[in-house]
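See structure below.
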Amino acid sequence: MPVPKQTVDGRELNEVGSHSRHGLLEVADLLGAQSDEFTKRVFARLFVQFPDLRDAFPANMQPHRKELFMILDHAMRAIPASDDHGEVIELLGQLGRDYRKFGLVDWHYEALQGAMYGEIVRTCGPDNLDAADLALVEHTTHLVTGIMRGAAQSDPTPALRTARVIEVLRPQRDLTIVRLVAGRSMLFRAGQYVETQIPQLPGSWRPFSIAMPPNTAGHLEFHIRAVPGGWVSRTIAQETAPGDVWQFGQIHGQMRVDGNRPVTMVAGGTGLAPMKSLLMQMSISSDNPRVHLVAGAKSPGALYDSDALTALAATNPWLRVTQVTEEREDPWWMDRPAPSHRILTVRQGTVVDALSGLDLRGQQVLIAGPPDMIRAAVATAETVGAKPGRIVHDPLTA
């Protein structure tokens with residue numbers, strides 16, 4: 001789908017790019033040295049003007065400050081570098097659609113533009129910016145907030161959705177499987193993830209992959225591993241119960257199987273969730289490319305959903321499953337080992353080790369799991385023949 005031209009006050013995005021080939025890059029470099037302080041002051045200005053807006057955002061603003069700066073920095077570097085700004089427009093549009101859950105409307109974006117402009121001038125120092133630079137910064141901040149606002153206004157889906165917890169399973173000490181029913185069916189694709197807020201921690205949003213394809217009954221399933229220091233995941237492990245109502249914001253993710261090209265899926269831990277969703281969707285049809293799922297865990301007992309994977313592999317000849325564990329034996333304290341994993345192929349090592357022995361030339365590669373694992377898997381996939389444009393993973397958050 002062609003990207004529409006983006007204009008603010010009659011200026012196209014490309015006009016700002018042609019205004020200066022270097023000014024925005026110099027501004028981006030100056031801001032980068034003080035990125036955290038810069039975004040702190042941007043949000044402080046916004047919240048001074050709209051105190052009620054502060055309550056809609058979480059107490060810990062660090063992830064949101066980091067996200068805002070990352071996208072602003074990317075925009076300032078990409079605008080002068082290319083005439084094709086589709087990626088920048090999509091990133092800004094996604095942020096604008098996502099901010100709907102905090103209740104941002106037109107006048108908030110006007111204030112955000114003013115805060116960004118004012119703090120860029122303050123951070124860079126007025127003496128470092130001439131009249132042309134100031135005009136460039138003003139046009140750029142207008143474009144950035146204008147694209148965000150336009151994307152939010154044009155999104156036909158609800159800003160917030162809700163679903164009620166109907167079942168909570170805790171198959172392992174640190175793993176929780178939560179099943180819900182939405183009041184109205186959510187529009188999403190298999191393999192996507194959604195911004196999620198639980199009632200115990202209002203204002204704290206986390207991205208969770210949906211572990212099943214969409215259906216008309218509004219059923220949802222999430223696989224959540226409790227991580228050290230993870231307030232939300234630990235609270236879900238300890239407190240989530242049937243009857244809880246979860247809220248959902250923007251749906252994200254480009255994980256999908258494209259065409260008839262063979263696919264290798266790489267899942268570390270609960271990275272299995274989006275892969276399971278895709279496989280369940282594919283199992284509806286008999287006309288699928290060959291798929292090899294490589295699923296990893298620390299030890300055999302930490303493998304989960306092996307029964308479902310066994311059934312999928314047994315009934316779909318296009319699917320092969322390899323499970324990989326870093327340790328041969330479970331730790332002594334593991335109280336619920338999973339004997340069903342023995343039915344499937346199991347190797348010792350990491351999923352990255354397993355990838356290194358494959359030939360991925362001509363294949364599509366989908367990767368989900370912890371950020372460090374994704375980085376290592378991407379690098380390994382490229383060394384064994386996968387083209388970078390055919391390697392897909394969700395955005396890295398750490």
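How things are named: the first chain in the structure tokens is A, the next is B, and so on; residues count from 1 in each chain; ligands count from 1 in the order shown.
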
Inset, instruction - Extract, using only C-alpha atoms, all DNA, RNA and protein residues at most 12 Å from segment 349-357 of chain A, discarding same-chain residues fewer than 5 positions from it, and format them as a PyMOL selection string. - result: chain A and resi 264-269+271+292-300+321-328+365-370+372-386

Inset, instruction - Determine, counting only C-alpha atoms, which protein, DNA and RNA residues have an atom within 10 Å of an atom of Ile177 of chain A; residues of the same chain fewer than 5 positions away are not included. Present the result as a PyMOL selection string. - result: chain A and resi 167-172+211+221-225+236-237

Please dump the current selection as a CSV table (one decimal), in the first residue's frame; keep N, CA and C atoms.
```csv
chain,number,residue,atom,x,y,z
A,167,GLU,N,-9.7,-18.4,33.1
A,167,GLU,CA,-8.9,-19.6,33.5
A,167,GLU,C,-7.5,-19.1,33.7
A,168,VAL,N,-6.9,-19.6,34.8
A,168,VAL,CA,-5.5,-19.3,35.1
A,168,VAL,C,-4.8,-20.7,35.4
A,169,LEU,N,-3.8,-21.0,34.6
A,169,LEU,CA,-3.0,-22.2,34.8
A,169,LEU,C,-1.6,-21.8,35.1
A,170,ARG,N,-1.0,-22.6,36.1
A,170,ARG,CA,0.4,-22.4,36.5
A,170,ARG,C,1.1,-23.7,36.4
A,171,PRO,N,1.5,-24.1,35.1
A,171,PRO,CA,2.1,-25.4,34.9
A,171,PRO,C,3.5,-25.5,35.4
A,172,GLN,N,4.1,-24.4,35.6
A,172,GLN,CA,5.5,-24.4,36.2
A,172,GLN,C,5.6,-23.2,37.2
A,211,ALA,N,-1.3,-16.1,22.2
A,211,ALA,CA,-0.8,-17.4,21.9
A,211,ALA,C,-1.9,-18.3,21.2
A,221,GLU,N,-5.4,-16.1,24.8
A,221,GLU,CA,-4.5,-16.8,25.6
A,221,GLU,C,-3.2,-16.2,25.7
A,222,PHE,N,-2.6,-16.1,26.9
A,222,PHE,CA,-1.2,-15.5,27.0
A,222,PHE,C,-0.4,-16.4,27.8
A,223,HIS,N,0.9,-16.5,27.5
A,223,HIS,CA,1.9,-17.3,28.2
A,223,HIS,C,2.9,-16.3,28.8
A,224,ILE,N,3.0,-16.2,30.1
A,224,ILE,CA,3.7,-15.2,30.8
A,224,ILE,C,4.7,-15.8,31.8
A,225,ARG,N,6.0,-15.6,31.5
A,225,ARG,CA,7.0,-16.0,32.4
A,225,ARG,C,7.4,-14.9,33.4
A,236,ILE,N,1.1,-11.1,38.0
A,236,ILE,CA,0.3,-12.0,37.3
A,236,ILE,C,0.4,-13.4,37.9
A,237,ALA,N,1.7,-13.8,38.1
A,237,ALA,CA,2.0,-15.1,38.7
A,237,ALA,C,1.4,-15.3,40.0
```

Legend entry - All residues 7 Å or closer to segment 187-194 of chain A, only C-alpha atoms, same chain fewer than 5 positions away omitted, as number ranges by chain: A: 207-210, 212-214, 248-256, 274-275, 277-278, 281

Just-selected residues, N, CA and C atoms written as a compact mmCIF listing (two decimals), in the first residue's frame:
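And here's again_15.txt as it stands now:
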```
# COMPACT_ATOMS: atom_id res chain seq x y z
N PRO A 207 3.79 -5.40 26.76
CA PRO A 207 3.42 -6.12 25.54
C PRO A 207 3.43 -7.63 25.76
N PHE A 208 2.32 -8.30 25.46
CA PHE A 208 2.23 -9.75 25.57
C PHE A 208 1.78 -10.33 24.24
N SER A 209 2.46 -11.39 23.80
CA SER A 209 2.07 -12.07 22.57
C SER A 209 0.81 -12.89 22.80
N ILE A 210 -0.08 -12.87 21.82
CA ILE A 210 -1.31 -13.66 21.90
C ILE A 210 -0.99 -15.06 21.39
N MET A 212 -2.81 -17.62 20.51
CA MET A 212 -3.79 -18.34 19.71
C MET A 212 -4.28 -17.42 18.60
N PRO A 213 -4.78 -17.98 17.50
CA PRO A 213 -5.29 -17.11 16.43
C PRO A 213 -6.64 -16.51 16.82
N PRO A 214 -7.08 -15.47 16.12
CA PRO A 214 -8.37 -14.85 16.44
C PRO A 214 -9.53 -15.79 16.16
N PHE A 248 -6.66 -3.72 27.08
CA PHE A 248 -5.72 -3.84 25.97
C PHE A 248 -5.70 -2.56 25.16
N GLY A 249 -4.50 -2.17 24.75
CA GLY A 249 -4.33 -1.01 23.90
C GLY A 249 -4.04 -1.42 22.47
N GLN A 250 -2.99 -0.84 21.91
CA GLN A 250 -2.67 -1.05 20.51
C GLN A 250 -2.13 -2.47 20.25
N ILE A 251 -2.52 -3.04 19.12
CA ILE A 251 -2.02 -4.34 18.68
C ILE A 251 -0.88 -4.10 17.70
N HIS A 252 0.22 -4.84 17.90
CA HIS A 252 1.43 -4.64 17.11
C HIS A 252 1.91 -5.97 16.54
N GLY A 253 2.92 -5.88 15.69
CA GLY A 253 3.64 -7.07 15.28
C GLY A 253 3.51 -7.40 13.81
N GLN A 254 4.65 -7.75 13.20
CA GLN A 254 4.70 -8.11 11.78
C GLN A 254 5.01 -9.58 11.57
N MET A 255 4.94 -10.37 12.65
CA MET A 255 5.25 -11.79 12.54
C MET A 255 4.17 -12.49 11.71
N ARG A 256 4.58 -13.04 10.59
CA ARG A 256 3.62 -13.75 9.74
C ARG A 256 4.39 -14.68 8.80
N PRO A 274 3.73 -16.65 20.11
CA PRO A 274 3.32 -16.22 18.77
C PRO A 274 3.49 -17.32 17.73
N MET A 275 4.49 -18.21 17.94
CA MET A 275 4.68 -19.31 16.99
C MET A 275 3.51 -20.29 17.06
N SER A 277 0.49 -19.57 17.92
CA SER A 277 -0.64 -18.89 17.28
C SER A 277 -0.59 -19.06 15.77
N LEU A 278 0.59 -18.85 15.20
CA LEU A 278 0.74 -18.99 13.74
C LEU A 278 0.49 -20.43 13.30
N GLN A 281 -3.15 -21.30 13.34
CA GLN A 281 -3.83 -20.69 12.20
C GLN A 281 -3.54 -21.46 10.92
```

Inset, instruction - Check the DSSP output for the backbone and give back, as JSON, numbers by chain, the residues of segment 227-317 of chain A in strand (DSSP E or B). - result: {"A": [245, 246, 247, 248, 249, 250, 251, 252, 263, 264, 265, 266, 267, 268, 291, 292, 293, 294, 295, 296, 297]}
